[in-house]
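Everything below belongs to my_file_3.cif, which stores mmCIF, C-alpha atoms.
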data_start
loop_
_atom_site.label_atom_id
_atom_site.label_comp_id
_atom_site.auth_asym_id
_atom_site.auth_seq_id
_atom_site.Cartn_x
_atom_site.Cartn_y
_atom_site.Cartn_z
CA MET A 1 0.00 0.00 0.00
CA ASP A 2 1.43 3.37 -0.95
CA MET A 3 1.31 6.55 1.14
CA ALA A 4 -1.76 7.93 -0.68
CA GLU A 5 -3.74 4.71 -0.18
CA ASP A 6 -2.68 4.63 3.46
CA GLY A 7 -4.00 8.19 3.91
CA VAL A 8 -7.33 7.36 2.28
CA LEU A 9 -7.72 4.26 4.43
CA GLN A 10 -7.03 6.32 7.54
CA LEU A 11 -9.69 8.88 6.52
CA VAL A 12 -12.30 6.19 5.91
CA ILE A 13 -11.60 4.40 9.19
CA ARG A 14 -11.70 7.75 11.00
CA CYS A 15 -15.21 8.31 9.58
CA ALA A 16 -16.35 4.82 10.55
CA ASN A 17 -15.08 5.38 14.09
CA PHE A 18 -16.71 8.83 14.31
CA ALA A 19 -20.05 7.42 13.08
CA ALA A 20 -19.81 4.46 15.48
CA ILE A 21 -19.31 6.81 18.43
CA LYS A 22 -22.15 9.10 17.32
CA HIS A 23 -24.61 6.23 16.70
CA LYS A 24 -23.47 4.10 19.69
CA ASP A 25 -26.80 4.09 21.52
CA GLN A 26 -29.02 3.74 18.44
CA LYS A 27 -30.65 0.60 17.09
CA ARG A 28 -32.40 -0.17 13.79
CA LYS A 29 -36.17 -0.73 13.92
CA ASP A 30 -35.91 -4.43 13.10
CA PRO A 31 -37.03 -7.05 15.65
CA GLU A 32 -33.39 -7.90 16.47
CA GLY A 33 -32.57 -4.30 17.34
CA THR A 34 -29.55 -4.35 15.03
CA PRO A 35 -26.90 -1.76 15.97
CA TYR A 36 -27.55 1.37 13.89
CA ILE A 37 -23.91 1.61 12.77
CA ASN A 38 -24.54 -1.44 10.55
CA HIS A 39 -26.59 0.86 8.30
CA PRO A 40 -23.98 3.50 7.36
CA ILE A 41 -21.29 0.83 7.05
CA GLY A 42 -23.65 -1.16 4.79
CA VAL A 43 -24.38 1.92 2.66
CA ALA A 44 -20.63 2.54 2.23
CA PHE A 45 -20.13 -1.14 1.35
CA LEU A 46 -22.85 -0.99 -1.33
CA LEU A 47 -21.04 1.96 -2.89
CA VAL A 48 -17.71 0.10 -2.92
CA GLU A 49 -19.45 -2.93 -4.46
CA ALA A 50 -20.89 -0.61 -7.12
CA GLY A 51 -17.39 0.53 -8.09
CA VAL A 52 -17.39 3.90 -6.32
CA THR A 53 -13.80 4.85 -5.49
CA ASP A 54 -14.16 8.51 -4.47
CA PRO A 55 -13.07 8.59 -0.80
CA SER A 56 -15.29 11.61 -0.12
CA VAL A 57 -18.39 9.66 -1.20
CA ILE A 58 -17.44 6.67 0.98
CA GLN A 59 -16.78 9.00 3.93
CA ALA A 60 -20.12 10.77 3.39
CA ALA A 61 -21.89 7.40 3.28
CA LEU A 62 -20.43 6.50 6.65
CA LEU A 63 -21.50 9.87 8.06
CA HIS A 64 -24.76 10.38 6.15
CA ASP A 65 -27.10 10.08 9.16
CA THR A 66 -24.94 11.75 11.82
CA VAL A 67 -26.39 15.26 11.41
CA GLU A 68 -29.95 14.02 10.94
CA ASP A 69 -30.03 11.45 13.73
CA THR A 70 -27.44 12.52 16.33
CA GLU A 71 -26.27 15.74 17.99
CA THR A 72 -23.64 16.21 15.27
CA THR A 73 -23.65 19.51 13.38
CA ASN A 74 -22.61 20.16 9.81
CA GLU A 75 -20.02 22.60 11.17
CA GLU A 76 -18.51 19.78 13.23
CA LEU A 77 -18.28 17.56 10.15
CA MET A 78 -16.69 20.41 8.20
CA GLY A 79 -14.10 20.94 10.91
CA VAL A 80 -13.24 17.27 11.27
CA PHE A 81 -13.65 15.94 7.69
CA GLY A 82 -13.54 18.99 5.44
CA GLY A 83 -15.92 20.87 3.20
CA LYS A 84 -16.47 18.27 0.47
CA VAL A 85 -17.55 15.48 2.82
CA ALA A 86 -19.66 17.87 4.92
CA SER A 87 -21.30 19.22 1.76
CA ILE A 88 -22.32 15.74 0.55
CA VAL A 89 -23.72 14.89 3.99
CA ALA A 90 -25.63 18.20 4.04
CA GLU A 91 -27.18 17.37 0.65
CA VAL A 92 -28.60 14.07 1.91
CA THR A 93 -29.70 15.34 5.34
CA ASP A 94 -33.39 15.96 5.97
CA ASP A 95 -34.47 18.97 8.02
CA LYS A 96 -35.96 17.33 11.12
CA ASN A 97 -37.78 20.59 11.94
CA LEU A 98 -40.15 19.89 9.05
CA PRO A 99 -43.07 17.44 9.26
CA LYS A 100 -42.23 13.92 8.05
CA GLN A 101 -44.46 14.06 4.95
CA GLU A 102 -42.90 17.35 3.88
CA ARG A 103 -39.38 15.92 4.34
CA LYS A 104 -40.32 12.92 2.21
CA GLN A 105 -41.80 15.12 -0.52
CA LEU A 106 -38.69 17.34 -0.52
CA GLN A 107 -36.50 14.27 -1.09
CA ILE A 108 -38.49 13.55 -4.26
CA VAL A 109 -38.42 17.18 -5.44
CA HIS A 110 -34.73 17.82 -4.71
CA ALA A 111 -33.27 14.47 -5.86
CA PRO A 112 -32.67 15.58 -9.49
CA THR A 113 -30.77 18.69 -8.36
CA LYS A 114 -28.31 16.91 -6.06
CA SER A 115 -24.63 16.48 -6.89
CA LYS A 116 -23.53 13.16 -8.37
CA GLU A 117 -21.83 12.35 -5.05
CA ALA A 118 -25.03 12.97 -3.07
CA LYS A 119 -27.06 10.93 -5.57
CA LEU A 120 -24.66 8.01 -5.07
CA VAL A 121 -25.13 8.11 -1.30
CA LYS A 122 -28.91 8.48 -1.73
CA LEU A 123 -29.11 5.48 -4.11
CA ALA A 124 -27.05 3.28 -1.79
CA ASP A 125 -29.07 4.43 1.24
CA LYS A 126 -32.35 3.56 -0.47
CA LEU A 127 -30.96 0.21 -1.65
CA TYR A 128 -29.81 -0.67 1.87
CA ASN A 129 -33.18 0.29 3.39
CA LEU A 130 -35.20 -1.57 0.76
CA ASN A 131 -33.05 -4.69 1.18
CA ASP A 132 -33.67 -4.41 4.92
CA LEU A 133 -37.43 -4.13 4.36
CA GLU A 134 -37.35 -7.20 2.10
CA ARG A 135 -35.47 -9.13 4.78
CA GLN A 136 -37.69 -8.15 7.69
CA THR A 137 -40.55 -5.79 8.51
CA PRO A 138 -39.65 -3.16 11.12
CA ILE A 139 -41.43 -3.27 14.46
CA GLY A 140 -44.79 -1.51 14.17
CA TRP A 141 -44.85 -1.43 10.35
CA SER A 142 -47.73 -2.94 8.38
CA GLU A 143 -47.24 -4.53 4.96
CA GLU A 144 -49.06 -1.49 3.54
CA ARG A 145 -46.50 0.86 5.10
CA VAL A 146 -43.66 -1.22 3.64
CA GLN A 147 -45.26 -1.01 0.18
CA GLU A 148 -45.74 2.76 0.56
CA TYR A 149 -42.05 3.11 1.44
CA PHE A 150 -41.10 1.21 -1.73
CA GLU A 151 -43.35 3.44 -3.85
CA TRP A 152 -41.93 6.62 -2.28
CA ALA A 153 -38.35 5.35 -2.62
CA ALA A 154 -38.94 4.70 -6.35
CA LYS A 155 -39.86 8.38 -6.78
CA VAL A 156 -36.66 9.49 -5.01
CA VAL A 157 -34.57 7.04 -7.05
CA LYS A 158 -36.15 8.34 -10.28
CA GLY A 159 -34.51 11.71 -9.60
CA CYS A 160 -31.11 10.05 -9.13
CA ARG A 161 -31.13 7.91 -12.28
CA GLY A 162 -28.13 7.91 -14.58
CA THR A 163 -25.72 8.00 -11.65
CA ASN A 164 -24.65 4.37 -11.13
CA ALA A 165 -25.93 1.48 -13.27
CA HIS A 166 -25.08 -1.20 -10.69
CA LEU A 167 -27.02 0.44 -7.85
CA GLU A 168 -29.93 1.27 -10.16
CA GLU A 169 -30.11 -2.35 -11.41
CA GLN A 170 -30.24 -3.64 -7.85
CA LEU A 171 -32.97 -1.15 -6.98
CA ASP A 172 -34.96 -2.03 -10.12
CA LYS A 173 -34.92 -5.72 -9.15
CA LEU A 174 -36.47 -4.83 -5.79
CA PHE A 175 -39.04 -2.49 -7.37
CA LYS A 176 -40.01 -5.17 -9.92
CA LYS A 177 -40.40 -7.76 -7.17
CA ARG A 178 -42.80 -5.36 -5.42
CA ASN A 179 -44.62 -4.34 -8.64
CA VAL A 180 -43.55 -0.73 -8.19
CA ASP A 181 -43.38 1.43 -11.33
CA VAL A 182 -39.94 2.85 -12.08
#

Using the file provided, produce a representation of the structure as structure tokens.
Amino acid sequence: MDMAEDGVLQLVIRCANFAAIKHKDQKRKDPEGTPYINHPIGVAFLLVEAGVTDPSVIQAALLHDTVEDTETTNEELMGVFGGKVASIVAEVTDDKNLPKQERKQLQIVHAPTKSKEAKLVKLADKLYNLNDLERQTPIGWSEERVQEYFEWAAKVVKGCRGTNAHLEEQLDKLFKKRNVDV
């Protein structure tokens, strides 16, 4: 491994550690109560599997829920990880001050205007969540709510199309299985 690769690896592990600390008390909504950190690590892994090599995108994937779901601020991310990573995270972060339905609608509306880097994180995030929903229904969710999530996710994904063929193929397989129009 050369010096540049060593530096990139250090940055990525630093993000994973930061996210693990920030999400340490959180669990996923599945019946097992899976540690939340599995999600951002899984999103980053899906990107790597899809051929994404931009370290900033992988870092943003690891950090993508820190501002939205923890006490982390975008300023903190900027100070620790730099402007590019913080900017990608900011693009995929929902404003929790808005009602849930408005946040969901804004994801659909804003998806086409996001940077390629943010679209990559968004595609991988949706793919991870949809795979999770296929594997197991979250506690308190009806089958109807799961189907509604798939239909909403397809609308968000539509605005990110043309970004990564591998991720989009995987998503399309899930949408087809659920009879969701893409």

Of A:Lys22, A:Phe150, A:Gln10, A:Ala50, the one nearest to Glu168 (chain A) when counting only C-alpha atoms is A:Ala50

From the list A:Lys114, A:Lys104, A:Arg14, A:Lys173, the nearest residue to Trp152 (chain A) using all atoms listed in the file is A:Lys104

TODO: Could you tell me which residues the PyMOL selection byres ((chain A and resi 174) around 12) returns for this structure, as a PyMOL selection string?
DONE: chain A and resi 126-135+147+150-151+153-154+167-173+175-182

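For the pair CA of Lys155 (chain A) and CA of Glu71 (chain A), the interatomic distance is 29.2 Å.
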
Around the point (-16.8, 14.9, 9.0) (coordinates from the file), which residues reach within 10 Å if we count all atoms listed in the file? Answer as a JSON list (two decimals) with C-alpha atoms, in the coordinates of the input.
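This went into point-v3.json:
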[["chain", "number", "residue", "atom", "x", "y", "z"],
["A", 11, "LEU", "CA", -9.69, 8.88, 6.52],
["A", 14, "ARG", "CA", -11.70, 7.75, 11.00],
["A", 15, "CYS", "CA", -15.21, 8.31, 9.58],
["A", 18, "PHE", "CA", -16.71, 8.83, 14.31],
["A", 19, "ALA", "CA", -20.05, 7.42, 13.08],
["A", 56, "SER", "CA", -15.29, 11.61, -0.12],
["A", 59, "GLN", "CA", -16.78, 9.00, 3.93],
["A", 60, "ALA", "CA", -20.12, 10.77, 3.39],
["A", 62, "LEU", "CA", -20.43, 6.50, 6.65],
["A", 63, "LEU", "CA", -21.50, 9.87, 8.06],
["A", 64, "HIS", "CA", -24.76, 10.38, 6.15],
["A", 66, "THR", "CA", -24.94, 11.75, 11.82],
["A", 67, "VAL", "CA", -26.39, 15.26, 11.41],
["A", 72, "THR", "CA", -23.64, 16.21, 15.27],
["A", 73, "THR", "CA", -23.65, 19.51, 13.38],
["A", 74, "ASN", "CA", -22.61, 20.16, 9.81],
["A", 75, "GLU", "CA", -20.02, 22.60, 11.17],
["A", 76, "GLU", "CA", -18.51, 19.78, 13.23],
["A", 77, "LEU", "CA", -18.28, 17.56, 10.15],
["A", 78, "MET", "CA", -16.69, 20.41, 8.20],
["A", 79, "GLY", "CA", -14.10, 20.94, 10.91],
["A", 80, "VAL", "CA", -13.24, 17.27, 11.27],
["A", 81, "PHE", "CA", -13.65, 15.94, 7.69],
["A", 82, "GLY", "CA", -13.54, 18.99, 5.44],
["A", 83, "GLY", "CA", -15.92, 20.87, 3.20],
["A", 84, "LYS", "CA", -16.47, 18.27, 0.47],
["A", 85, "VAL", "CA", -17.55, 15.48, 2.82],
["A", 86, "ALA", "CA", -19.66, 17.87, 4.92],
["A", 87, "SER", "CA", -21.30, 19.22, 1.76],
["A", 89, "VAL", "CA", -23.72, 14.89, 3.99]]

Q: Just the residues within 7 Å of Glu68 (chain A), please, counting only C-alpha atoms, with nothing from its chain fewer than 4 positions along; format it as a ChimeraX atom specification.
A: /A:93-94,96

Selection under test: the PyMOL selection byres ((chain A and resi 30) around 7); residues as an mmCIF file with C-alpha atoms, keeping the file's coordinate frame:
data_model
loop_
_atom_site.group_PDB
_atom_site.id
_atom_site.type_symbol
_atom_site.label_atom_id
_atom_site.label_comp_id
_atom_site.auth_asym_id
_atom_site.auth_seq_id
_atom_site.Cartn_x
_atom_site.Cartn_y
_atom_site.Cartn_z
ATOM 1 C CA ARG A 28 -32.400 -0.170 13.790
ATOM 2 C CA LYS A 29 -36.170 -0.730 13.920
ATOM 3 C CA PRO A 31 -37.030 -7.050 15.650
ATOM 4 C CA GLU A 32 -33.390 -7.900 16.470
ATOM 5 C CA GLY A 33 -32.570 -4.300 17.340
ATOM 6 C CA THR A 34 -29.550 -4.350 15.030
ATOM 7 C CA GLN A 136 -37.690 -8.150 7.690
ATOM 8 C CA THR A 137 -40.550 -5.790 8.510
ATOM 9 C CA PRO A 138 -39.650 -3.160 11.120
ATOM 10 C CA ILE A 139 -41.430 -3.270 14.460
#

Counting only C-alpha atoms, what is within 12 Å of Gly162 (chain A), bar same-chain residues fewer than 3 positions away, as a PDB file with C-alpha atoms, in the coordinates of the input?
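The new file out_24.pdb reads:
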ATOM      1  CA  PRO A 112     -32.670  15.580  -9.490  1.00  0.00           C
ATOM      2  CA  LYS A 116     -23.530  13.160  -8.370  1.00  0.00           C
ATOM      3  CA  LYS A 119     -27.060  10.930  -5.570  1.00  0.00           C
ATOM      4  CA  LEU A 120     -24.660   8.010  -5.070  1.00  0.00           C
ATOM      5  CA  LEU A 123     -29.110   5.480  -4.110  1.00  0.00           C
ATOM      6  CA  VAL A 157     -34.570   7.040  -7.050  1.00  0.00           C
ATOM      7  CA  LYS A 158     -36.150   8.340 -10.280  1.00  0.00           C
ATOM      8  CA  GLY A 159     -34.510  11.710  -9.600  1.00  0.00           C
ATOM      9  CA  ALA A 165     -25.930   1.480 -13.270  1.00  0.00           C
ATOM     10  CA  HIS A 166     -25.080  -1.200 -10.690  1.00  0.00           C
ATOM     11  CA  LEU A 167     -27.020   0.440  -7.850  1.00  0.00           C
ATOM     12  CA  GLU A 168     -29.930   1.270 -10.160  1.00  0.00           C
ATOM     13  CA  GLU A 169     -30.110  -2.350 -11.410  1.00  0.00           C
TER      14      GLU A 169
END
